[in-house]
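So this one's final_7.cif, mmCIF, C-alpha atoms and all ligand atoms:
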data_data
#
loop_
_atom_site.group_PDB
_atom_site.id
_atom_site.type_symbol
_atom_site.label_atom_id
_atom_site.label_comp_id
_atom_site.auth_asym_id
_atom_site.auth_seq_id
_atom_site.Cartn_x
_atom_site.Cartn_y
_atom_site.Cartn_z
ATOM 1 C CA MET A 1 0.000 0.000 0.000
ATOM 2 C CA TYR A 2 2.710 2.497 1.070
ATOM 3 C CA THR A 3 4.931 1.793 -1.970
ATOM 4 C CA VAL A 4 2.040 2.217 -4.412
ATOM 5 C CA ILE A 5 0.885 5.517 -2.865
ATOM 6 C CA GLN A 6 4.442 6.839 -2.608
ATOM 7 C CA TYR A 7 5.090 5.944 -6.266
ATOM 8 C CA LEU A 8 1.835 7.587 -7.357
ATOM 9 C CA HIS A 9 2.557 10.733 -5.337
ATOM 10 C CA SER A 10 6.081 10.954 -6.695
ATOM 11 C CA LEU A 11 4.903 10.429 -10.323
ATOM 12 C CA TRP A 12 1.910 12.792 -10.031
ATOM 13 C CA ALA A 13 4.263 15.511 -8.734
ATOM 14 C CA TYR A 14 5.751 15.811 -12.257
ATOM 15 C CA LEU A 15 2.302 16.488 -13.684
ATOM 16 C CA VAL A 16 1.496 19.048 -10.945
ATOM 17 C CA ILE A 17 4.726 20.999 -11.486
ATOM 18 C CA ILE A 18 4.498 20.858 -15.297
ATOM 19 C CA MET A 19 0.852 22.031 -15.240
ATOM 20 C CA ILE A 20 1.497 24.948 -12.833
ATOM 21 C CA PHE A 21 4.479 25.930 -14.977
ATOM 22 C CA ILE A 22 2.376 25.802 -18.171
ATOM 23 C CA ALA A 23 -0.411 27.854 -16.532
ATOM 24 C CA VAL A 24 2.080 30.515 -15.382
ATOM 25 C CA THR A 25 3.922 30.805 -18.717
ATOM 26 C CA ASN A 26 0.602 30.820 -20.578
ATOM 27 C CA ALA A 27 -0.537 33.740 -18.392
ATOM 28 C CA ILE A 28 2.731 35.611 -19.069
ATOM 29 C CA PHE A 29 2.364 35.167 -22.849
ATOM 30 C CA GLY A 30 -1.330 36.059 -22.656
ATOM 31 C CA LEU A 31 -0.486 39.302 -20.879
ATOM 32 C CA LEU A 32 2.440 40.193 -23.121
ATOM 33 C CA GLY A 33 0.526 39.312 -26.304
ATOM 34 C CA LYS A 34 -2.550 41.237 -25.069
ATOM 35 C CA ARG A 35 -4.692 38.446 -26.450
ATOM 36 C CA PRO A 36 -8.242 37.442 -25.457
ATOM 37 C CA PHE A 37 -8.787 34.902 -22.673
ATOM 38 C CA GLU A 38 -9.972 31.868 -24.622
ATOM 39 C CA PHE A 39 -11.563 28.574 -23.602
ATOM 40 C CA ARG A 40 -8.119 26.966 -23.963
ATOM 41 C CA ASP A 41 -6.750 29.325 -21.262
ATOM 42 C CA PHE A 42 -9.658 28.474 -18.972
ATOM 43 C CA ARG A 43 -9.027 24.744 -19.511
ATOM 44 C CA ILE A 44 -5.331 25.095 -18.621
ATOM 45 C CA SER A 45 -6.178 26.830 -15.323
ATOM 46 C CA LEU A 46 -8.929 24.301 -14.549
ATOM 47 C CA PHE A 47 -6.815 21.240 -15.393
ATOM 48 C CA THR A 48 -4.006 22.585 -13.168
ATOM 49 C CA LEU A 49 -6.504 23.001 -10.317
ATOM 50 C CA ILE A 50 -7.818 19.432 -10.712
ATOM 51 C CA VAL A 51 -4.349 17.885 -10.940
ATOM 52 C CA ALA A 52 -3.236 19.823 -7.816
ATOM 53 C CA HIS A 53 -6.330 18.790 -5.838
ATOM 54 C CA LEU A 54 -5.774 15.138 -6.691
ATOM 55 C CA GLN A 55 -2.210 15.461 -5.396
ATOM 56 C CA ILE A 56 -3.559 16.703 -2.040
ATOM 57 C CA LEU A 57 -5.722 13.582 -1.808
ATOM 58 C CA ILE A 58 -2.802 11.280 -2.603
ATOM 59 C CA GLY A 59 -0.562 13.299 -0.243
ATOM 60 C CA LEU A 60 -3.047 13.006 2.622
ATOM 61 C CA ILE A 61 -3.187 9.219 2.259
ATOM 62 C CA LEU A 62 0.617 9.117 2.106
ATOM 63 C CA PHE A 63 0.774 11.226 5.268
ATOM 64 C CA PHE A 64 -0.978 8.460 7.217
ATOM 65 C CA VAL A 65 0.907 5.489 5.757
ATOM 66 C CA SER A 66 4.462 6.808 5.334
ATOM 67 C CA PRO A 67 7.014 5.501 7.853
ATOM 68 C CA MET A 68 8.705 8.899 7.539
ATOM 69 C CA VAL A 69 5.700 10.633 9.098
ATOM 70 C CA GLN A 70 6.279 10.091 12.785
ATOM 71 C CA TRP A 71 3.517 12.069 14.525
ATOM 72 C CA PHE A 72 1.530 8.927 15.189
ATOM 73 C CA ASN A 73 4.365 6.690 16.484
ATOM 74 C CA SER A 74 3.663 5.935 20.121
ATOM 75 C CA GLY A 75 6.518 6.670 22.493
ATOM 76 C CA GLN A 76 8.204 8.926 19.932
ATOM 77 C CA ASP A 77 9.761 12.143 21.214
ATOM 78 C CA LYS A 78 8.028 14.655 18.933
ATOM 79 C CA SER A 79 10.723 17.291 19.456
ATOM 80 C CA LEU A 80 13.133 15.020 17.535
ATOM 81 C CA ILE A 81 10.972 15.586 14.427
ATOM 82 C CA MET A 82 11.604 19.312 14.677
ATOM 83 C CA LYS A 83 15.341 18.897 15.265
ATOM 84 C CA ASP A 84 15.945 16.736 12.164
ATOM 85 C CA SER A 85 15.672 18.788 8.950
ATOM 86 C CA THR A 86 14.483 15.889 6.727
ATOM 87 C CA LEU A 87 11.882 14.752 9.250
ATOM 88 C CA ARG A 88 10.706 18.351 9.773
ATOM 89 C CA LEU A 89 10.360 18.781 6.013
ATOM 90 C CA VAL A 90 8.344 15.593 5.450
ATOM 91 C CA ASN A 91 6.277 15.822 8.658
ATOM 92 C CA LEU A 92 5.434 19.513 8.630
ATOM 93 C CA GLU A 93 6.948 21.921 6.102
ATOM 94 C CA HIS A 94 6.185 19.989 2.906
ATOM 95 C CA PRO A 95 2.520 19.086 3.643
ATOM 96 C CA LEU A 96 1.697 22.529 5.068
ATOM 97 C CA THR A 97 3.377 24.486 2.247
ATOM 98 C CA MET A 98 1.794 22.305 -0.464
ATOM 99 C CA ILE A 99 -1.667 22.801 1.059
ATOM 100 C CA ILE A 100 -1.103 26.593 1.143
ATOM 101 C CA ALA A 101 0.085 26.491 -2.500
ATOM 102 C CA ILE A 102 -3.031 24.605 -3.585
ATOM 103 C CA ILE A 103 -5.290 26.977 -1.622
ATOM 104 C CA LEU A 104 -3.663 29.826 -3.590
ATOM 105 C CA ILE A 105 -4.356 28.017 -6.874
ATOM 106 C CA THR A 106 -7.984 27.514 -5.815
ATOM 107 C CA ILE A 107 -8.406 31.190 -4.854
ATOM 108 C CA GLY A 108 -6.700 32.298 -8.087
ATOM 109 C CA PHE A 109 -8.938 30.063 -10.177
ATOM 110 C CA SER A 110 -12.165 31.337 -8.613
ATOM 111 C CA LYS A 111 -11.016 34.981 -8.709
ATOM 112 C CA GLN A 112 -10.134 34.855 -12.418
ATOM 113 C CA LYS A 113 -13.573 33.386 -13.183
ATOM 114 C CA LYS A 114 -15.229 36.495 -11.730
ATOM 115 C CA LYS A 115 -13.197 38.876 -13.903
ATOM 116 C CA VAL A 116 -14.297 39.840 -17.396
ATOM 117 C CA GLU A 117 -11.209 41.532 -18.844
ATOM 118 C CA PRO A 118 -8.595 39.136 -20.279
ATOM 119 C CA LYS A 119 -5.768 41.201 -18.787
ATOM 120 C CA ALA A 120 -7.230 40.889 -15.276
ATOM 121 C CA LYS A 121 -7.740 37.131 -15.704
ATOM 122 C CA PHE A 122 -4.175 36.482 -16.883
ATOM 123 C CA LYS A 123 -2.787 38.732 -14.144
ATOM 124 C CA ILE A 124 -4.612 36.870 -11.370
ATOM 125 C CA ILE A 125 -3.452 33.508 -12.701
ATOM 126 C CA LEU A 126 0.109 34.776 -12.976
ATOM 127 C CA ILE A 127 0.143 36.046 -9.382
ATOM 128 C CA PHE A 128 -1.647 33.191 -7.597
ATOM 129 C CA TYR A 129 -0.317 30.254 -9.630
ATOM 130 C CA GLY A 130 3.117 31.927 -9.738
ATOM 131 C CA ILE A 131 3.396 32.158 -5.944
ATOM 132 C CA ALA A 132 2.083 28.577 -5.696
ATOM 133 C CA LEU A 133 4.820 27.393 -8.085
ATOM 134 C CA LEU A 134 7.525 29.064 -5.975
ATOM 135 C CA LEU A 135 6.129 27.506 -2.786
ATOM 136 C CA VAL A 136 5.916 24.043 -4.360
ATOM 137 C CA LEU A 137 9.479 24.230 -5.720
ATOM 138 C CA GLY A 138 10.721 25.593 -2.405
ATOM 139 C CA ARG A 139 9.397 22.780 -0.222
ATOM 140 C CA ILE A 140 9.615 19.614 -2.310
ATOM 141 C CA PRO A 141 11.718 16.935 -0.624
ATOM 142 C CA TRP A 142 14.193 16.931 -3.546
ATOM 143 C CA SER A 143 16.630 14.580 -1.816
ATOM 144 C CA LEU A 144 13.919 11.917 -1.459
ATOM 145 C CA TRP A 145 12.605 12.433 -4.977
ATOM 146 C CA PHE A 146 15.832 12.000 -6.970
HETATM 147 C C1 LIG A 201 1.531 20.288 -4.906
HETATM 148 C C2 LIG A 201 1.383 19.241 -4.142
HETATM 149 C C3 LIG A 201 2.464 18.245 -3.820
HETATM 150 C C4 LIG A 201 3.581 17.904 -4.540
HETATM 151 C C5 LIG A 201 4.032 18.451 -5.890
HETATM 152 C C6 LIG A 201 4.271 16.893 -3.769
HETATM 153 C C7 LIG A 201 5.458 16.286 -4.155
HETATM 154 C C8 LIG A 201 6.153 15.369 -3.407
HETATM 155 C C9 LIG A 201 7.375 14.719 -3.821
HETATM 156 C C10 LIG A 201 8.067 14.919 -5.160
HETATM 157 C C11 LIG A 201 7.765 13.886 -2.814
HETATM 158 C C12 LIG A 201 8.971 12.945 -2.794
HETATM 159 C C13 LIG A 201 8.467 11.604 -3.312
HETATM 160 C C14 LIG A 201 9.434 10.460 -3.145
HETATM 161 O O1 LIG A 201 9.739 10.101 -2.013
HETATM 162 O O2 LIG A 201 9.831 9.908 -4.187
HETATM 163 C C15 LIG A 201 6.791 14.005 -1.746
HETATM 164 C C16 LIG A 201 6.829 13.323 -0.557
HETATM 165 C C17 LIG A 201 5.873 13.386 0.409
HETATM 166 N N1 LIG A 201 4.707 14.115 0.368
HETATM 167 FE FE1 LIG A 201 4.140 15.388 -1.107
HETATM 168 N N2 LIG A 201 3.575 16.653 -2.610
HETATM 169 C C18 LIG A 201 2.469 17.451 -2.598
HETATM 170 C C19 LIG A 201 1.506 17.525 -1.626
HETATM 171 C C20 LIG A 201 1.516 16.797 -0.455
HETATM 172 C C21 LIG A 201 0.500 16.888 0.587
HETATM 173 C C22 LIG A 201 -0.721 17.804 0.528
HETATM 174 C C23 LIG A 201 0.873 16.017 1.568
HETATM 175 C C24 LIG A 201 0.212 15.671 2.889
HETATM 176 C C25 LIG A 201 -0.832 16.248 3.398
HETATM 177 C C26 LIG A 201 2.117 15.389 1.161
HETATM 178 C C27 LIG A 201 2.813 14.462 1.893
HETATM 179 C C28 LIG A 201 4.025 13.905 1.538
HETATM 180 C C29 LIG A 201 4.768 12.974 2.368
HETATM 181 C C30 LIG A 201 4.346 12.468 3.749
HETATM 182 C C31 LIG A 201 5.934 12.645 1.666
HETATM 183 C C32 LIG A 201 7.073 11.685 2.106
HETATM 184 C C33 LIG A 201 6.665 10.299 1.688
HETATM 185 C C34 LIG A 201 7.724 9.242 1.883
HETATM 186 O O3 LIG A 201 8.734 9.253 1.164
HETATM 187 O O4 LIG A 201 7.485 8.356 2.718
HETATM 188 N N3 LIG A 201 2.471 15.880 -0.078
HETATM 189 N N4 LIG A 201 5.821 14.901 -2.126
#
For the file at hand, write its structure as structure tokens.
Amino acid sequence: MYTVIQYLHSLWAYLVIIMIFIAVTNAIFGLLGKRPFEFRDFRISLFTLIVAHLQILIGLILFFVSPMVQWFNSGQDKSLIMKDSTLRLVNLEHPLTMIIAIILITIGFSKQKKKVEPKAKFKIILIFYGIALLLVLGRIPWSLWF
């Protein structure tokens, strides 16, 4: 069970990062090209949102089955989690930062839907998805991944 979920989470991460990157660059080119916000642009932002939400689901399952997550180990000194940088990353920083990043994507998606002007839509996607991309890249456990 753990190996399957870990593999899925690790594989799905590529899709999440690629999609956020595509959404951000698409917003930059949309803004620079001053072009209309088309259905294709909407689909890119929506697909990114869906892919990111699915990763939260997989991540949450992983959180409860991973031997690296040590909150639930009985008799474990929880302060050791905070002292070890890898354990702190996997147990706290990574999950929390990824959830914040996906909340930003969700807010950005719903805010752009309410705007009418293409410029405003692209700008919102650039800001919200852009910050999310930085957060995701900043708190991925790279050493575990590669
Ligand atoms: C944008 C969303 C996310 C991305 C891109 C992402 C990406 C990754 C990557 C690349 C790894 C390393 C995989 C490996 O060991 O090969 C990882 C590990 C992990 N992730 Fe995420 N993650 C995301 C969200 C989450 C969330 C929301 C949670 C929990 C609530 C979570 C929990 C974990 C845990 C516990 C590990 C360590 C698993 C282990 O190796 O035992 N992730 N994540």
Can you check which parts of chain A lie within 8 Å of ligand LIG 201 (chain A)? Per residue, the shortest pair of atoms and distance in Å to one decimal, counting all atoms listed in the file, sorted by chain and number, as JSON lines.
{"residue": "A:Tyr2", "atom": "CA", "partner": "A:LIG201", "partner_atom": "O4", "distance": 7.7}
{"residue": "A:Gln6", "atom": "CA", "partner": "A:LIG201", "partner_atom": "C33", "distance": 5.9}
{"residue": "A:Tyr7", "atom": "CA", "partner": "A:LIG201", "partner_atom": "O2", "distance": 6.5}
{"residue": "A:His9", "atom": "CA", "partner": "A:LIG201", "partner_atom": "C8", "distance": 6.2}
{"residue": "A:Ser10", "atom": "CA", "partner": "A:LIG201", "partner_atom": "C13", "distance": 4.2}
{"residue": "A:Leu11", "atom": "CA", "partner": "A:LIG201", "partner_atom": "C10", "distance": 7.5}
{"residue": "A:Trp12", "atom": "CA", "partner": "A:LIG201", "partner_atom": "C5", "distance": 7.3}
{"residue": "A:Ala13", "atom": "CA", "partner": "A:LIG201", "partner_atom": "C5", "distance": 4.1}
{"residue": "A:Tyr14", "atom": "CA", "partner": "A:LIG201", "partner_atom": "C5", "distance": 7.1}
{"residue": "A:Val16", "atom": "CA", "partner": "A:LIG201", "partner_atom": "C5", "distance": 5.7}
{"residue": "A:Ile17", "atom": "CA", "partner": "A:LIG201", "partner_atom": "C5", "distance": 6.2}
{"residue": "A:Ala52", "atom": "CA", "partner": "A:LIG201", "partner_atom": "C1", "distance": 5.6}
{"residue": "A:His53", "atom": "CA", "partner": "A:LIG201", "partner_atom": "C2", "distance": 7.9}
{"residue": "A:Gln55", "atom": "CA", "partner": "A:LIG201", "partner_atom": "C2", "distance": 5.4}
{"residue": "A:Ile56", "atom": "CA", "partner": "A:LIG201", "partner_atom": "C22", "distance": 4.0}
{"residue": "A:Leu57", "atom": "CA", "partner": "A:LIG201", "partner_atom": "C22", "distance": 6.9}
{"residue": "A:Ile58", "atom": "CA", "partner": "A:LIG201", "partner_atom": "C21", "distance": 7.2}
{"residue": "A:Gly59", "atom": "CA", "partner": "A:LIG201", "partner_atom": "C23", "distance": 3.6}
{"residue": "A:Leu60", "atom": "CA", "partner": "A:LIG201", "partner_atom": "C25", "distance": 4.0}
{"residue": "A:Ile61", "atom": "CA", "partner": "A:LIG201", "partner_atom": "C24", "distance": 7.3}
{"residue": "A:Leu62", "atom": "CA", "partner": "A:LIG201", "partner_atom": "C30", "distance": 5.3}
{"residue": "A:Phe63", "atom": "CA", "partner": "A:LIG201", "partner_atom": "C30", "distance": 4.1}
{"residue": "A:Phe64", "atom": "CA", "partner": "A:LIG201", "partner_atom": "C30", "distance": 7.5}
{"residue": "A:Val65", "atom": "CA", "partner": "A:LIG201", "partner_atom": "O4", "distance": 7.8}
{"residue": "A:Ser66", "atom": "CA", "partner": "A:LIG201", "partner_atom": "O4", "distance": 4.3}
{"residue": "A:Pro67", "atom": "CA", "partner": "A:LIG201", "partner_atom": "O4", "distance": 5.9}
{"residue": "A:Met68", "atom": "CA", "partner": "A:LIG201", "partner_atom": "O4", "distance": 5.0}
{"residue": "A:Val69", "atom": "CA", "partner": "A:LIG201", "partner_atom": "C30", "distance": 5.8}
{"residue": "A:Val90", "atom": "CA", "partner": "A:LIG201", "partner_atom": "C32", "distance": 5.3}
{"residue": "A:Asn91", "atom": "CA", "partner": "A:LIG201", "partner_atom": "C30", "distance": 6.3}
{"residue": "A:His94", "atom": "CA", "partner": "A:LIG201", "partner_atom": "N3", "distance": 6.3}
{"residue": "A:Pro95", "atom": "CA", "partner": "A:LIG201", "partner_atom": "C23", "distance": 4.1}
{"residue": "A:Leu96", "atom": "CA", "partner": "A:LIG201", "partner_atom": "C25", "distance": 7.0}
{"residue": "A:Met98", "atom": "CA", "partner": "A:LIG201", "partner_atom": "C2", "distance": 4.8}
{"residue": "A:Ile99", "atom": "CA", "partner": "A:LIG201", "partner_atom": "C22", "distance": 5.1}
{"residue": "A:Ala101", "atom": "CA", "partner": "A:LIG201", "partner_atom": "C1", "distance": 6.8}
{"residue": "A:Ile102", "atom": "CA", "partner": "A:LIG201", "partner_atom": "C1", "distance": 6.4}
{"residue": "A:Val136", "atom": "CA", "partner": "A:LIG201", "partner_atom": "C1", "distance": 5.8}
{"residue": "A:Leu137", "atom": "CA", "partner": "A:LIG201", "partner_atom": "C5", "distance": 7.9}
{"residue": "A:Ile140", "atom": "CA", "partner": "A:LIG201", "partner_atom": "C8", "distance": 5.6}
{"residue": "A:Pro141", "atom": "CA", "partner": "A:LIG201", "partner_atom": "C12", "distance": 5.3}
{"residue": "A:Trp142", "atom": "CA", "partner": "A:LIG201", "partner_atom": "C12", "distance": 6.6}
{"residue": "A:Ser143", "atom": "CA", "partner": "A:LIG201", "partner_atom": "C12", "distance": 7.9}
{"residue": "A:Leu144", "atom": "CA", "partner": "A:LIG201", "partner_atom": "O1", "distance": 4.6}
{"residue": "A:Trp145", "atom": "CA", "partner": "A:LIG201", "partner_atom": "O2", "distance": 3.8}
{"residue": "A:Phe146", "atom": "CA", "partner": "A:LIG201", "partner_atom": "O2", "distance": 6.9}
Where does the PyMOL selection byres (((chain A and resi 28) around 12) and not hetatm) land in this file, that is, which residues does it pick, as a JSON list (two decimals) with C-alpha atoms, keeping the file's coordinate frame?
[["chain", "number", "residue", "atom", "x", "y", "z"],
["A", 21, "PHE", "CA", 4.48, 25.93, -14.98],
["A", 22, "ILE", "CA", 2.38, 25.80, -18.17],
["A", 23, "ALA", "CA", -0.41, 27.85, -16.53],
["A", 24, "VAL", "CA", 2.08, 30.52, -15.38],
["A", 25, "THR", "CA", 3.92, 30.80, -18.72],
["A", 26, "ASN", "CA", 0.60, 30.82, -20.58],
["A", 27, "ALA", "CA", -0.54, 33.74, -18.39],
["A", 29, "PHE", "CA", 2.36, 35.17, -22.85],
["A", 30, "GLY", "CA", -1.33, 36.06, -22.66],
["A", 31, "LEU", "CA", -0.49, 39.30, -20.88],
["A", 32, "LEU", "CA", 2.44, 40.19, -23.12],
["A", 33, "GLY", "CA", 0.53, 39.31, -26.30],
["A", 34, "LYS", "CA", -2.55, 41.24, -25.07],
["A", 35, "ARG", "CA", -4.69, 38.45, -26.45],
["A", 41, "ASP", "CA", -6.75, 29.32, -21.26],
["A", 118, "PRO", "CA", -8.60, 39.14, -20.28],
["A", 119, "LYS", "CA", -5.77, 41.20, -18.79],
["A", 120, "ALA", "CA", -7.23, 40.89, -15.28],
["A", 121, "LYS", "CA", -7.74, 37.13, -15.70],
["A", 122, "PHE", "CA", -4.18, 36.48, -16.88],
["A", 123, "LYS", "CA", -2.79, 38.73, -14.14],
["A", 124, "ILE", "CA", -4.61, 36.87, -11.37],
["A", 125, "ILE", "CA", -3.45, 33.51, -12.70],
["A", 126, "LEU", "CA", 0.11, 34.78, -12.98],
["A", 127, "ILE", "CA", 0.14, 36.05, -9.38],
["A", 129, "TYR", "CA", -0.32, 30.25, -9.63],
["A", 130, "GLY", "CA", 3.12, 31.93, -9.74]]
*State, in Å with one decimal place, the distance from atom CA of A:Leu135 to atom CA of A:Thr48.*
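Interatomic distance, atom CA of A:Leu135 to atom CA of A:Thr48: 15.3 Å.
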_So the first atom is atom CA of A:Phe39 and the second is atom CA of A:Gln112; what is the distance between them in Å, to one decimal place?_
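Rounded to one decimal, the two atoms are 12.9 Å apart.
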*Coordinates-based distance that separates atom CA of A:Phe128 from atom CA of A:Leu104 (Å, one decimal)*: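 Computing the Euclidean distance for atom CA of A:Leu104 and atom CA of A:Phe128 yields 5.6 Å.
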*Pick the closest to A:Ile50 from A:Leu87, A:Leu15, A:Gly75, A:Lys113: which is it, counting only C-alpha atoms?*
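Looking at the shortest contact to A:Ile50, the residue is A:Leu15.
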